[in-house]
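Raw contents of protein.csv, CSV, C-alpha atoms and all ligand atoms:
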chain,number,residue,atom,x,y,z
A,1,MET,CA,-97.1,66.6,19.5
A,2,LYS,CA,-95.5,64.1,21.8
A,3,ARG,CA,-95.8,61.5,19.1
A,4,ILE,CA,-94.1,63.6,16.5
A,5,GLY,CA,-91.3,64.3,18.9
A,6,LEU,CA,-90.9,60.6,19.4
A,7,TRP,CA,-90.6,60.0,15.7
A,8,ILE,CA,-88.1,62.8,15.2
A,9,GLY,CA,-86.1,61.3,18.0
A,10,ILE,CA,-86.1,57.8,16.4
A,11,GLY,CA,-85.1,59.4,13.1
A,12,ILE,CA,-82.2,61.2,14.5
A,13,GLY,CA,-81.2,58.2,16.4
A,14,THR,CA,-81.3,56.0,13.3
A,15,ALA,CA,-79.4,58.5,11.3
A,16,ALA,CA,-76.8,58.7,14.0
A,17,ILE,CA,-76.5,54.9,14.1
A,18,ALA,CA,-76.2,54.9,10.3
A,19,VAL,CA,-73.5,57.5,10.3
A,20,LEU,CA,-71.6,55.7,13.0
A,21,THR,CA,-71.9,52.5,11.1
A,22,VAL,CA,-70.6,54.1,8.0
A,23,LEU,CA,-67.8,55.7,9.9
A,24,LEU,CA,-67.0,52.4,11.6
A,25,LEU,CA,-66.9,50.5,8.3
A,26,THR,CA,-65.1,52.9,6.1
A,27,THR,CA,-62.7,54.9,8.4
A,28,CYS,CA,-60.4,54.3,11.2
A,29,VAL,CA,-61.7,57.1,13.4
A,30,PHE,CA,-62.3,54.6,16.2
A,31,GLN,CA,-58.8,53.3,15.9
A,32,ASN,CA,-60.3,50.2,14.3
A,33,HIS,CA,-57.4,49.7,11.9
A,34,ARG,CA,-57.2,46.8,9.6
A,35,PHE,CA,-53.6,45.7,9.8
A,36,GLN,CA,-51.9,43.5,7.3
A,37,PRO,CA,-49.2,41.3,8.7
A,38,ALA,CA,-45.7,42.8,8.7
A,39,THR,CA,-43.3,41.7,6.0
A,40,CYS,CA,-39.5,41.6,5.8
A,41,THR,CA,-39.4,45.2,4.8
A,42,GLU,CA,-42.8,46.7,5.9
A,43,PRO,CA,-44.3,46.9,9.4
A,44,GLU,CA,-47.9,46.0,10.0
A,45,THR,CA,-49.8,48.5,7.9
A,46,CYS,CA,-53.5,49.5,7.9
A,47,THR,CA,-55.1,48.8,4.6
A,48,ARG,CA,-57.5,51.6,5.1
A,49,CYS,CA,-55.5,54.5,6.4
A,50,GLY,CA,-51.9,53.4,6.0
A,51,VAL,CA,-51.0,53.8,9.6
A,52,THR,CA,-48.2,51.4,10.7
A,53,ARG,CA,-47.5,49.5,13.9
A,54,ALA,CA,-44.2,48.0,15.2
A,55,THR,CA,-41.2,47.4,12.8
A,56,PRO,CA,-40.6,45.3,9.7
A,57,LEU,CA,-39.5,41.7,10.4
A,58,GLY,CA,-36.2,42.0,8.6
A,59,HIS,CA,-34.9,39.2,6.3
A,60,THR,CA,-34.2,35.8,7.6
A,61,TYR,CA,-31.4,34.5,5.4
A,62,ALA,CA,-30.7,30.8,4.8
A,63,PRO,CA,-26.9,30.2,4.4
A,64,ALA,CA,-25.4,30.5,0.9
A,65,THR,CA,-24.8,27.2,-0.9
A,66,CYS,CA,-22.5,26.3,-3.8
A,67,THR,CA,-25.1,27.5,-6.4
A,68,GLU,CA,-27.3,30.0,-4.4
A,69,PRO,CA,-26.4,33.2,-2.5
A,70,GLU,CA,-27.8,33.8,1.0
A,71,THR,CA,-31.6,33.8,0.4
A,72,CYS,CA,-34.5,35.1,2.6
A,73,VAL,CA,-36.7,32.2,3.5
A,74,ARG,CA,-39.8,34.5,3.4
A,75,CYS,CA,-39.4,36.8,0.5
A,76,LYS,CA,-36.5,35.2,-1.5
A,77,HIS,CA,-34.4,38.3,-1.3
A,78,THR,CA,-30.8,37.4,-1.9
A,79,ARG,CA,-27.5,38.8,-0.4
A,80,GLY,CA,-23.9,38.3,-1.6
A,81,GLU,CA,-22.8,35.6,-4.1
A,82,ALA,CA,-23.1,31.8,-4.4
A,83,LEU,CA,-20.1,30.1,-2.8
A,84,GLY,CA,-19.2,28.1,-5.9
A,85,HIS,CA,-18.2,24.5,-5.7
A,86,ALA,CA,-15.2,23.3,-3.7
A,87,PHE,CA,-13.9,20.5,-5.8
A,88,ALA,CA,-11.6,17.9,-4.4
A,89,SER,CA,-9.3,16.4,-7.1
A,90,ALA,CA,-10.4,13.3,-8.9
A,91,THR,CA,-9.0,10.0,-7.6
A,92,CYS,CA,-8.6,6.6,-9.2
A,93,THR,CA,-12.2,5.7,-8.4
A,94,GLU,CA,-13.9,9.0,-7.9
A,95,PRO,CA,-14.4,12.0,-10.2
A,96,GLU,CA,-13.8,15.5,-9.0
A,97,THR,CA,-16.3,15.9,-6.2
A,98,CYS,CA,-17.6,19.0,-4.4
A,99,THR,CA,-16.8,18.6,-0.7
A,100,ARG,CA,-19.8,20.7,0.2
A,101,CYS,CA,-22.7,19.5,-2.0
A,102,GLY,CA,-21.3,16.2,-3.5
A,103,ILE,CA,-21.8,17.2,-7.1
A,104,THR,CA,-19.3,15.5,-9.4
A,105,GLU,CA,-17.5,16.6,-12.6
A,106,GLY,CA,-15.7,14.5,-15.2
A,107,GLU,CA,-14.6,10.9,-14.7
A,108,PRO,CA,-12.5,9.0,-12.2
A,109,LEU,CA,-8.8,8.8,-13.1
A,110,GLY,CA,-8.7,5.0,-13.1
A,111,HIS,CA,-5.8,3.0,-11.6
A,112,LEU,CA,-2.2,3.2,-12.8
A,113,MET,CA,-1.3,-0.5,-12.4
A,114,THR,CA,2.3,-1.7,-12.4
A,115,GLU,CA,3.3,-5.1,-13.8
A,116,ALA,CA,3.4,-8.0,-11.3
A,117,THR,CA,6.9,-8.8,-10.0
A,118,TYR,CA,8.1,-11.7,-8.0
A,119,GLN,CA,7.7,-9.6,-4.8
A,120,SER,CA,4.5,-7.7,-5.5
A,121,PRO,CA,1.2,-8.1,-7.3
A,122,PRO,CA,0.1,-5.5,-9.9
A,123,THR,CA,-0.1,-2.3,-7.8
A,124,CYS,CA,-1.6,1.1,-8.5
A,125,LEU,CA,1.1,3.8,-8.4
A,126,ARG,CA,-1.5,6.4,-7.2
A,127,CYS,CA,-3.6,4.7,-4.5
A,128,GLY,CA,-1.7,1.5,-3.8
A,129,ILE,CA,-4.5,-0.9,-4.5
A,130,THR,CA,-3.3,-4.4,-5.6
A,131,GLU,CA,-4.9,-6.9,-7.9
A,132,GLY,CA,-4.0,-10.5,-8.3
A,133,GLU,CA,-0.8,-12.1,-7.1
A,134,PRO,CA,2.9,-11.7,-7.5
A,135,LEU,CA,4.6,-13.7,-10.3
A,136,VAL,CA,5.0,-17.3,-9.6
A,137,ALA,CA,8.5,-18.3,-8.6
A,138,ALA,CA,10.2,-20.6,-11.1
A,139,LEU,CA,10.9,-23.2,-8.5
A,140,SER,CA,7.7,-23.0,-6.5
A,141,ASP,CA,6.5,-26.3,-7.8
A,142,THR,CA,9.9,-28.0,-7.6
A,143,ALA,CA,10.5,-30.4,-4.8
A,144,LEU,CA,13.8,-29.1,-3.4
A,145,HIS,CA,15.8,-31.0,-0.9
A,146,GLU,CA,16.0,-28.1,1.6
A,147,LEU,CA,18.5,-28.1,4.4
A,148,GLU,CA,17.4,-27.1,7.8
A,149,ILE,CA,19.6,-25.2,10.2
A,150,GLY,CA,21.5,-27.5,12.6
A,151,LYS,CA,20.5,-30.8,10.9
A,152,PRO,CA,23.3,-32.6,9.0
A,153,VAL,CA,22.0,-34.6,6.0
A,154,PRO,CA,23.8,-37.1,3.8
A,155,TYR,CA,25.8,-35.5,1.0
A,156,THR,CA,27.3,-37.6,-1.8
A,157,THR,CA,30.0,-36.1,-4.0
A,158,ALA,CA,33.0,-37.2,-5.9
A,159,SER,CA,36.2,-38.3,-4.1
A,160,TYR,CA,39.2,-36.1,-4.3
A,161,GLU,CA,41.4,-38.8,-5.9
A,162,ASP,CA,39.0,-40.2,-8.4
A,163,HIS,CA,36.1,-38.1,-9.6
A,164,ASP,CA,34.3,-41.2,-10.8
A,165,VAL,CA,34.1,-42.6,-7.3
A,166,ASP,CA,31.4,-41.2,-5.0
A,167,VAL,CA,31.9,-40.6,-1.3
A,168,THR,CA,29.2,-39.8,1.2
A,169,GLY,CA,29.4,-37.7,4.3
A,170,THR,CA,27.1,-35.0,5.7
A,171,VAL,CA,26.5,-31.4,5.0
A,172,GLU,CA,25.0,-29.1,7.7
A,173,ILE,CA,24.0,-25.5,7.8
A,174,ALA,CA,25.5,-25.1,11.3
A,175,ASP,CA,24.3,-21.5,11.7
A,176,TYR,CA,22.6,-18.8,9.6
A,177,GLU,CA,22.3,-15.1,10.2
A,178,THR,CA,21.5,-11.8,8.6
A,179,ILE,CA,24.0,-9.1,9.3
A,180,ALA,CA,24.9,-5.6,8.0
A,181,GLY,CA,28.5,-6.6,7.5
A,182,ASN,CA,31.8,-7.3,9.3
A,183,ASP,CA,35.5,-7.7,8.6
A,184,VAL,CA,35.0,-10.6,6.1
A,185,PHE,CA,31.7,-9.4,4.6
A,186,PRO,CA,31.8,-5.7,3.8
A,187,ALA,CA,28.6,-3.8,4.4
A,188,ARG,CA,26.8,-1.9,1.7
A,189,GLU,CA,24.0,0.7,1.9
A,190,GLY,CA,20.6,-0.8,1.3
A,191,TYR,CA,21.9,-4.3,1.4
A,192,GLU,CA,22.3,-7.1,4.0
A,193,TRP,CA,24.5,-10.1,4.2
A,194,HIS,CA,22.9,-13.5,4.5
A,195,VAL,CA,25.6,-15.7,6.0
A,196,ALA,CA,25.4,-19.5,6.4
A,197,THR,CA,28.0,-21.4,8.4
A,198,VAL,CA,28.6,-24.6,6.4
A,199,ARG,CA,30.0,-27.8,7.9
A,200,LEU,CA,31.0,-30.9,5.9
A,201,VAL,CA,31.9,-34.0,7.7
A,202,PHE,CA,33.2,-37.1,5.9
A,203,ALA,CA,34.1,-40.1,8.1
A,204,GLY,CA,33.7,-43.2,6.0
A,205,ASP,CA,36.5,-45.5,4.9
A,206,ASP,CA,36.0,-44.3,1.3
A,207,ALA,CA,36.7,-40.8,2.4
A,208,GLN,CA,39.7,-42.0,4.4
A,209,GLN,CA,41.1,-43.6,1.3
A,210,ASN,CA,40.2,-41.1,-1.4
A,211,GLY,CA,39.3,-37.9,0.3
A,212,MET,CA,36.4,-35.8,-1.0
A,213,GLN,CA,35.8,-32.9,-3.3
A,214,SER,CA,32.8,-30.8,-2.4
A,215,ALA,CA,30.9,-28.6,-4.9
A,216,LEU,CA,28.5,-25.7,-4.3
A,217,THR,CA,26.9,-23.0,-6.4
A,218,TYR,CA,24.2,-20.5,-6.1
A,219,GLY,CA,20.7,-20.2,-7.7
A,220,ASP,CA,17.6,-18.2,-7.3
A,221,PHE,CA,14.2,-19.4,-6.1
A,222,TYR,CA,12.4,-17.0,-8.4
A,223,ALA,CA,14.2,-17.1,-11.7
A,224,THR,CA,16.1,-20.1,-12.8
A,225,ASP,CA,17.9,-18.1,-15.5
A,226,ALA,CA,19.6,-16.0,-12.8
A,227,GLU,CA,23.3,-16.9,-13.1
A,228,ILE,CA,26.2,-16.3,-10.7
A,229,GLY,CA,29.4,-14.9,-12.0
A,230,THR,CA,32.3,-17.2,-12.7
A,231,THR,CA,35.0,-14.9,-11.4
A,232,VAL,CA,35.6,-12.9,-8.2
A,233,ASP,CA,36.9,-9.4,-7.9
A,234,GLU,CA,40.0,-8.4,-5.8
A,235,ASN,CA,37.9,-8.4,-2.6
A,236,GLY,CA,36.7,-12.0,-3.2
A,237,LEU,CA,33.2,-10.8,-4.3
A,238,ARG,CA,31.4,-12.8,-7.0
A,239,PRO,CA,28.6,-10.8,-8.8
A,240,PHE,CA,25.2,-12.1,-9.5
A,241,VAL,CA,21.9,-10.4,-10.3
A,242,VAL,CA,18.4,-10.8,-8.8
A,243,ASN,CA,15.0,-9.5,-9.8
A,244,TRP,CA,13.8,-7.3,-7.0
A,245,TYR,CA,10.4,-5.7,-7.4
A,246,GLY,CA,10.8,-5.9,-11.2
A,247,SER,CA,14.3,-4.4,-11.3
A,248,ARG,CA,17.6,-6.2,-11.9
A,249,VAL,CA,19.7,-5.6,-8.8
A,250,GLN,CA,23.4,-6.3,-8.5
A,251,CYS,CA,24.3,-8.7,-5.7
A,252,TRP,CA,27.5,-10.4,-4.6
A,253,GLN,CA,28.6,-13.7,-3.1
A,254,LYS,CA,31.6,-14.3,-0.9
A,255,THR,CA,33.2,-17.4,0.5
A,256,GLY,CA,34.7,-16.8,3.9
A,257,PRO,CA,38.0,-18.4,5.1
A,258,ASP,CA,38.1,-22.0,6.4
A,259,GLU,CA,37.4,-22.2,10.1
A,260,GLU,CA,38.1,-26.0,10.1
A,261,ALA,CA,39.7,-27.9,7.2
A,262,ASP,CA,41.4,-31.0,8.6
A,263,TRP,CA,41.2,-34.5,9.8
A,264,PHE,CA,40.0,-34.9,13.3
A,265,GLY,CA,40.6,-38.5,14.1
A,266,HIS,CA,38.7,-40.4,11.5
A,267,GLU,CA,36.7,-37.3,10.5
A,268,LEU,CA,37.5,-35.0,7.7
A,269,ARG,CA,35.9,-31.8,8.6
A,270,PHE,CA,35.4,-28.5,6.8
A,271,THR,CA,33.7,-25.4,8.3
A,272,TRP,CA,33.4,-22.0,6.7
A,273,LYS,CA,30.9,-19.3,6.0
A,274,GLU,CA,29.1,-18.6,2.7
A,275,GLY,CA,27.6,-15.1,2.4
A,276,VAL,CA,25.5,-13.3,-0.1
A,277,LEU,CA,25.0,-9.5,-0.2
A,278,VAL,CA,21.4,-8.9,-1.3
A,279,PRO,CA,18.8,-6.1,-1.1
A,280,GLU,CA,17.4,-5.9,2.4
A,281,GLY,CA,14.6,-8.5,2.7
A,282,TYR,CA,15.6,-10.5,-0.4
A,283,ASP,CA,14.6,-14.1,0.3
A,284,GLY,CA,15.3,-15.9,-3.0
A,285,THR,CA,19.0,-16.9,-2.9
A,286,LEU,CA,19.7,-20.7,-3.0
A,287,LEU,CA,22.9,-22.2,-1.7
A,288,ILE,CA,23.2,-25.5,-3.6
A,289,PHE,CA,25.4,-28.5,-2.8
A,290,TYR,CA,25.8,-30.9,-5.7
A,291,ASN,CA,28.1,-33.8,-6.7
A,292,TYR,CA,31.5,-32.5,-7.9
A,293,ARG,CA,31.3,-35.1,-10.6
A,294,LEU,CA,29.0,-32.7,-12.5
A,295,ALA,CA,31.7,-30.0,-12.6
A,296,LYS,CA,34.8,-32.1,-12.7
A,297,ASN,CA,36.8,-28.8,-12.6
A,298,ALA,CA,37.4,-26.5,-9.7
A,299,ASP,CA,37.4,-23.5,-12.0
A,300,ARG,CA,33.8,-24.1,-13.0
A,301,LEU,CA,32.3,-24.9,-9.7
A,302,PHE,CA,29.7,-22.1,-9.8
A,303,LEU,CA,27.6,-23.8,-12.4
A,304,PRO,CA,24.2,-22.4,-13.4
A,305,ALA,CA,21.6,-23.7,-10.9
A,306,GLY,CA,19.7,-25.3,-13.8
A,307,ASP,CA,22.6,-27.6,-14.5
A,308,VAL,CA,22.9,-29.0,-11.0
A,309,LEU,CA,19.4,-28.9,-9.5
A,310,ASP,CA,18.7,-32.6,-9.8
A,311,GLU,CA,17.1,-34.9,-7.2
A,312,ASN,CA,20.5,-35.3,-5.4
A,313,ALA,CA,21.2,-31.6,-5.0
A,314,LEU,CA,20.8,-30.2,-1.4
A,315,VAL,CA,19.5,-26.7,-1.2
A,316,PHE,CA,19.6,-24.0,1.5
A,317,ARG,CA,17.3,-21.1,0.9
A,318,MET,CA,19.0,-18.0,2.4
A,319,LYS,CA,15.9,-16.1,3.6
A,401,ZN,ZN,-56.2,52.6,9.6
A,402,ZN,ZN,-37.1,38.7,3.3
A,403,ZN,ZN,-20.8,22.2,-4.5
A,404,ZN,ZN,-5.4,3.5,-8.0
Please go through the file and, once you have read it, give me the structure as structure tokens.
Amino acid sequence: MKRIGLWIGIGIGTAAIAVLTVLLLTTCVFQNHRFQPATCTEPETCTRCGVTRATPLGHTYAPATCTEPETCVRCKHTRGEALGHAFASATCTEPETCTRCGITEGEPLGHLMTEATYQSPPTCLRCGITEGEPLVAALSDTALHELEIGKPVPYTTASYEDHDVDVTGTVEIADYETIAGNDVFPAREGYEWHVATVRLVFAGDDAQQNGMQSALTYGDFYATDAEIGTTVDENGLRPFVVNWYGSRVQCWQKTGPDEEADWFGHELRFTWKEGVLVPEGYDGTLLIFYNYRLAKNADRLFLPAGDVLDENALVFRMK
């Protein structure tokens, strides 16, 4: 009897264990839930009984880009719109380019090059880049006898009495200045006066006997075909034209009144000012002293530079 009771006890015990095991494995009666991890939109959820715990994670959005809206890094859910590209205009060397993502569209514009001038190399009108060199000045390879300020140099010209007889004295640029204008040299907007004080001194016996006849004209360092007018207007202004950054620009010359024009002892001395009204910064004007014998006529003193620029001519570059 006792033995039977033992077996029944073991049977009940075993059945109970089996039932408990089944309950444990197939239900959540012991709060033994099997939670799946939370997602953006669902909290932790028991796969067996559906009970939930805590709250959904919520989306974690990465910022929108040019081509993608805000997008959840976990579930790829999107919000709003893509930003679209923010294109900066094309330049000479770069196509249209998105300032955010760097994507490009189309082609660069390419440079808009100007022609070279005497003052500037070919230059892009849009971006200012330059290529190459300015035009070569016509006289850049010519050995000019250039006068220096304050240094008298021998100057040979025809005598006053006989144009076939040469006399030699000195010519000096006694002073040189750039001014806006004054009583003698009238100012003009955008222009400046380049004014040289010229001094001629003739002291030899030949000058004593025959006097002298000086001759000067103007030329241009850049273009030898630049010619100076043969007549002056009512204000004493003589027109000429220079090539300034590729444009023909009207300029004027004026000879100031004599400051000295006489014999001083054995010296025949002339001092006066020569001025040119040129665009601000122009550096090409040449004041040229030559032998009067080449002109032989006071009415045609302002000869083309090409006619008088020989090895005897003395030149002062008004720059
Ligand atoms: Zn459960
Ligand atoms: Zn998400
Ligand atoms: Zn973009
Ligand atoms: Zn350019």
Test item: residues no farther than 12 Å from ligand ZN 402 (chain A), counting all atoms listed in the file, as JSON, numbers by chain: {"A": [38, 39, 40, 41, 42, 56, 57, 58, 59, 60, 61, 62, 70, 71, 72, 73, 74, 75, 76, 77, 78, 79]}
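Among the candidate residues A:Gly80, A:Pro186, A:Gly50, A:Pro121, the one lying nearest to ligand ZN 401 (chain A) is A:Gly50, with distances computed using all atoms listed in the file.
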Would you tabulate, counting only C-alpha atoms and all ligand atoms, all residues of chain A that have an atom at most 6 Å from an atom of ligand ZN 401 (chain A), showing the closest pair of atoms and their distance in Å to one decimal, sorted by chain then ascending number, as JSON lines?
{"residue": "A:Cys28", "atom": "CA", "partner": "A:ZN401", "partner_atom": "ZN", "distance": 4.8}
{"residue": "A:His33", "atom": "CA", "partner": "A:ZN401", "partner_atom": "ZN", "distance": 3.9}
{"residue": "A:Arg34", "atom": "CA", "partner": "A:ZN401", "partner_atom": "ZN", "distance": 5.9}
{"residue": "A:Cys46", "atom": "CA", "partner": "A:ZN401", "partner_atom": "ZN", "distance": 4.4}
{"residue": "A:Arg48", "atom": "CA", "partner": "A:ZN401", "partner_atom": "ZN", "distance": 4.8}
{"residue": "A:Cys49", "atom": "CA", "partner": "A:ZN401", "partner_atom": "ZN", "distance": 3.8}
{"residue": "A:Gly50", "atom": "CA", "partner": "A:ZN401", "partner_atom": "ZN", "distance": 5.7}
{"residue": "A:Val51", "atom": "CA", "partner": "A:ZN401", "partner_atom": "ZN", "distance": 5.3}
To check your reading of the model: which residues sit at most 8 Å from ligand ZN 403 (chain A) when counting all atoms listed in the file? Write the answer as a tab-separated table (two decimals) with C-alpha atoms, in the coordinates of the input.
chain	number	residue	atom	x	y	z
A	65	THR	CA	-24.80	27.20	-0.90
A	66	CYS	CA	-22.50	26.30	-3.80
A	67	THR	CA	-25.10	27.50	-6.40
A	84	GLY	CA	-19.20	28.10	-5.90
A	85	HIS	CA	-18.20	24.50	-5.70
A	86	ALA	CA	-15.20	23.30	-3.70
A	87	PHE	CA	-13.90	20.50	-5.80
A	97	THR	CA	-16.30	15.90	-6.20
A	98	CYS	CA	-17.60	19.00	-4.40
A	99	THR	CA	-16.80	18.60	-0.70
A	100	ARG	CA	-19.80	20.70	0.20
A	101	CYS	CA	-22.70	19.50	-2.00
A	102	GLY	CA	-21.30	16.20	-3.50
A	103	ILE	CA	-21.80	17.20	-7.10
Shell of 6 Å around ligand ZN 404 (chain A) (only C-alpha atoms and all ligand atoms), written as JSON, numbers by chain: {"A": [92, 111, 112, 124, 126, 127, 128, 129]}
Among the residues A:Gly132, A:Gly236, A:Gly204, A:Gly211, the one that comes closest to Glu161 (chain A) [using all atoms listed in the file]: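 Selected residue with least distance to Glu161 (chain A): A:Gly211.
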Among listed residues A:Thr157, A:Thr114, A:Gln31, A:Gln119, nearest Gly281 (chain A) (using only C-alpha atoms):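 Ranked by minimum distance to Gly281 (chain A), first place goes to A:Gln119.
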Within 7 Å of Tyr176 (chain A) using all atoms listed in the file, minus same-chain residues under 6 positions, as a list in words: Val195, Ala196 and Thr197 of chain A
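Take CA of Ile12 (chain A) and CA of Asn32 (chain A): the distance between them is 24.5 Å.
One finds CA of Arg248 (chain A) at 28.3 Å from CA of Ile173 (chain A).
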Counting all atoms listed in the file, the residue of A:Asn291, A:Thr231, A:Val249, A:Ala18 that sits nearest Pro154 (chain A): A:Asn291
Counting only C-alpha atoms, the residue of A:Asp166, A:Asp283, A:Glu68, A:Glu172 that sits nearest Val153 (chain A):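 Closest candidate: A:Glu172.
Put simply, CA of Gly275 (chain A) is 13.2 Å away from CA of Ile228 (chain A).
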For Val198 (chain A), the nearest of the candidates A:Glu131, A:Asp220, A:Asp233, A:Glu148, counting all atoms listed in the file: A:Glu148
So that I can check the surroundings of Asp183 (chain A), please list as a JSON list (two decimals) with C-alpha atoms, in the coordinates of the input every protein, DNA and RNA residue that reaches within 12 Å of it, counting all atoms listed in the file and ignoring chain neighbours fewer than 6 positions away.
[["chain", "number", "residue", "atom", "x", "y", "z"],
["A", 235, "ASN", "CA", 37.90, -8.40, -2.60],
["A", 256, "GLY", "CA", 34.70, -16.80, 3.90],
["A", 257, "PRO", "CA", 38.00, -18.40, 5.10]]
Test item: residues at most 10 Å from Pro134 (chain A), all atoms listed in the file, excluding those fewer than 2 positions along its chain, as an MDAnalysis selection string: chainID A and resid 115:123 130:132 136:137 245
Sel. within 8 Å of pt (19.7, -13.7, -2.2), counting all atoms listed in the file, output as a ChimeraX atom specification: /A:194,220,242,251,276-279,282-286,318-319
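Contact shell of Leu301 (chain A) at 7 Å (all atoms listed in the file; same-chain neighbours under 6 positions omitted): Ala215, Leu216, Thr217 and Ala295 of chain A.
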